[in-house]
Amino acid sequence: MENEDFEAFKTSKTIPRVIEEQVLKALSFYPELKETEIHFLFKKKIKGSVMQAQPKISTMFGGKRAYHINISALFQLTNSAIPIHQIPPDIMVGWIGHELGHVMDYENRNTMGMIRFGLGYLFSTRFVKQAERVADTFAVNHGLGRYILKTKHFILDHASLSEKYKQKIARLYLSPDDIVEQVRKLEAEERGNPS
């Protein structure tokens, strides 16, 4: 992507400088979000997550919807924590790409659909599983498959991450095998050989 394209993305985004490169790389896979207002915000702690995409409440009931992508400032390991921006760049691109998949999903929902989504996410594990898989699928379909795969392996194979968190990821999100299969199907379709 050309520098002027990155500049166009930046006009409607708030991005911490320390992760700007990774955010812009992830955004480059989602040209539809070029003018969508998205604020990438560091938080001290996000309960049970490293990142979360949410609509900005004040924009839910009229006008153009805006979003927050909350990012835990620290990546919590079993016995320590590291600043999130020290995670390998491709892993960050995958993680952010997944969150942008949520934004794509939200963009397809009206206000009542977003309210139902919020309630489902709060009260139904089955709904959470479906929502997370939809976000992964958006990311893979937008060309982020290799980044999503690296992120999954990073989480599931990380010796210093809690087993509880790894089990949550394995239970609710697409598996690495599922992602590989989606990428394979997508590549076959692009070659004109749907399988």
# chains A, B, ... in the order shown; residues from 1 in each chain; ligands from 1
$ select_by_dssp --residues "stretch 61-175 of chain A" --states "strand (DSSP E)" --output "PyMOL selection string"
chain A and resi 67-72+74-76+81-83
$ residues_around --residues "A:Leu100" --least-positions-apart "2" --cutoff "10 Å" --atoms "only C-alpha atoms" --output "list of chain:residue names"
A:Val23, A:Ala26, A:Leu27, A:Phe29, A:Tyr30, A:Leu33, A:Ile38, A:Gln52, A:Ala53, A:Tyr67, A:Ile69, A:Gly94, A:Trp95, A:Ile96, A:Gly97, A:His98, A:His102, A:Val103, A:Met104, A:Asp105, A:Tyr106, A:Ala135, A:Asp136, A:Phe138, A:Ala139
$ atom_distance --atom1 "atom CA of A:Pro89" --atom2 "atom CA of A:Val18"
11.1 Å
$ residues_around --residues "stretch 169-184 of chain A" --least-positions-apart "4" --cutoff "6 Å" --atoms "only C-alpha atoms" --output "PyMOL selection string"
chain A and resi 129+132-133+149
$ write_last_selection --atoms "N, CA and C atoms" --output "short mmCIF file (atom, residue, chain, number, x, y, z; two decimals), in the first residue's frame"
data_model
loop_
_atom_site.label_atom_id
_atom_site.label_comp_id
_atom_site.auth_asym_id
_atom_site.auth_seq_id
_atom_site.Cartn_x
_atom_site.Cartn_y
_atom_site.Cartn_z
N LYS A 129 -18.87 -17.84 20.62
CA LYS A 129 -18.13 -18.71 19.71
C LYS A 129 -18.42 -18.36 18.26
N GLU A 132 -16.85 -14.85 17.36
CA GLU A 132 -15.40 -14.89 17.21
C GLU A 132 -15.00 -15.59 15.92
N ARG A 133 -15.72 -16.61 15.55
CA ARG A 133 -15.44 -17.31 14.30
C ARG A 133 -15.78 -16.45 13.08
N LEU A 149 -3.18 -17.07 11.49
CA LEU A 149 -2.57 -18.36 11.82
C LEU A 149 -1.38 -18.17 12.76
#
$ residues_around --residues "A:Ile46" --least-positions-apart "3" --cutoff "9 Å" --atoms "only C-alpha atoms" --output "list of chain:residue names"
A:Lys43, A:Ser49, A:Val50, A:Met51, A:Gln52, A:Asn70, A:Ile71, A:Ser72
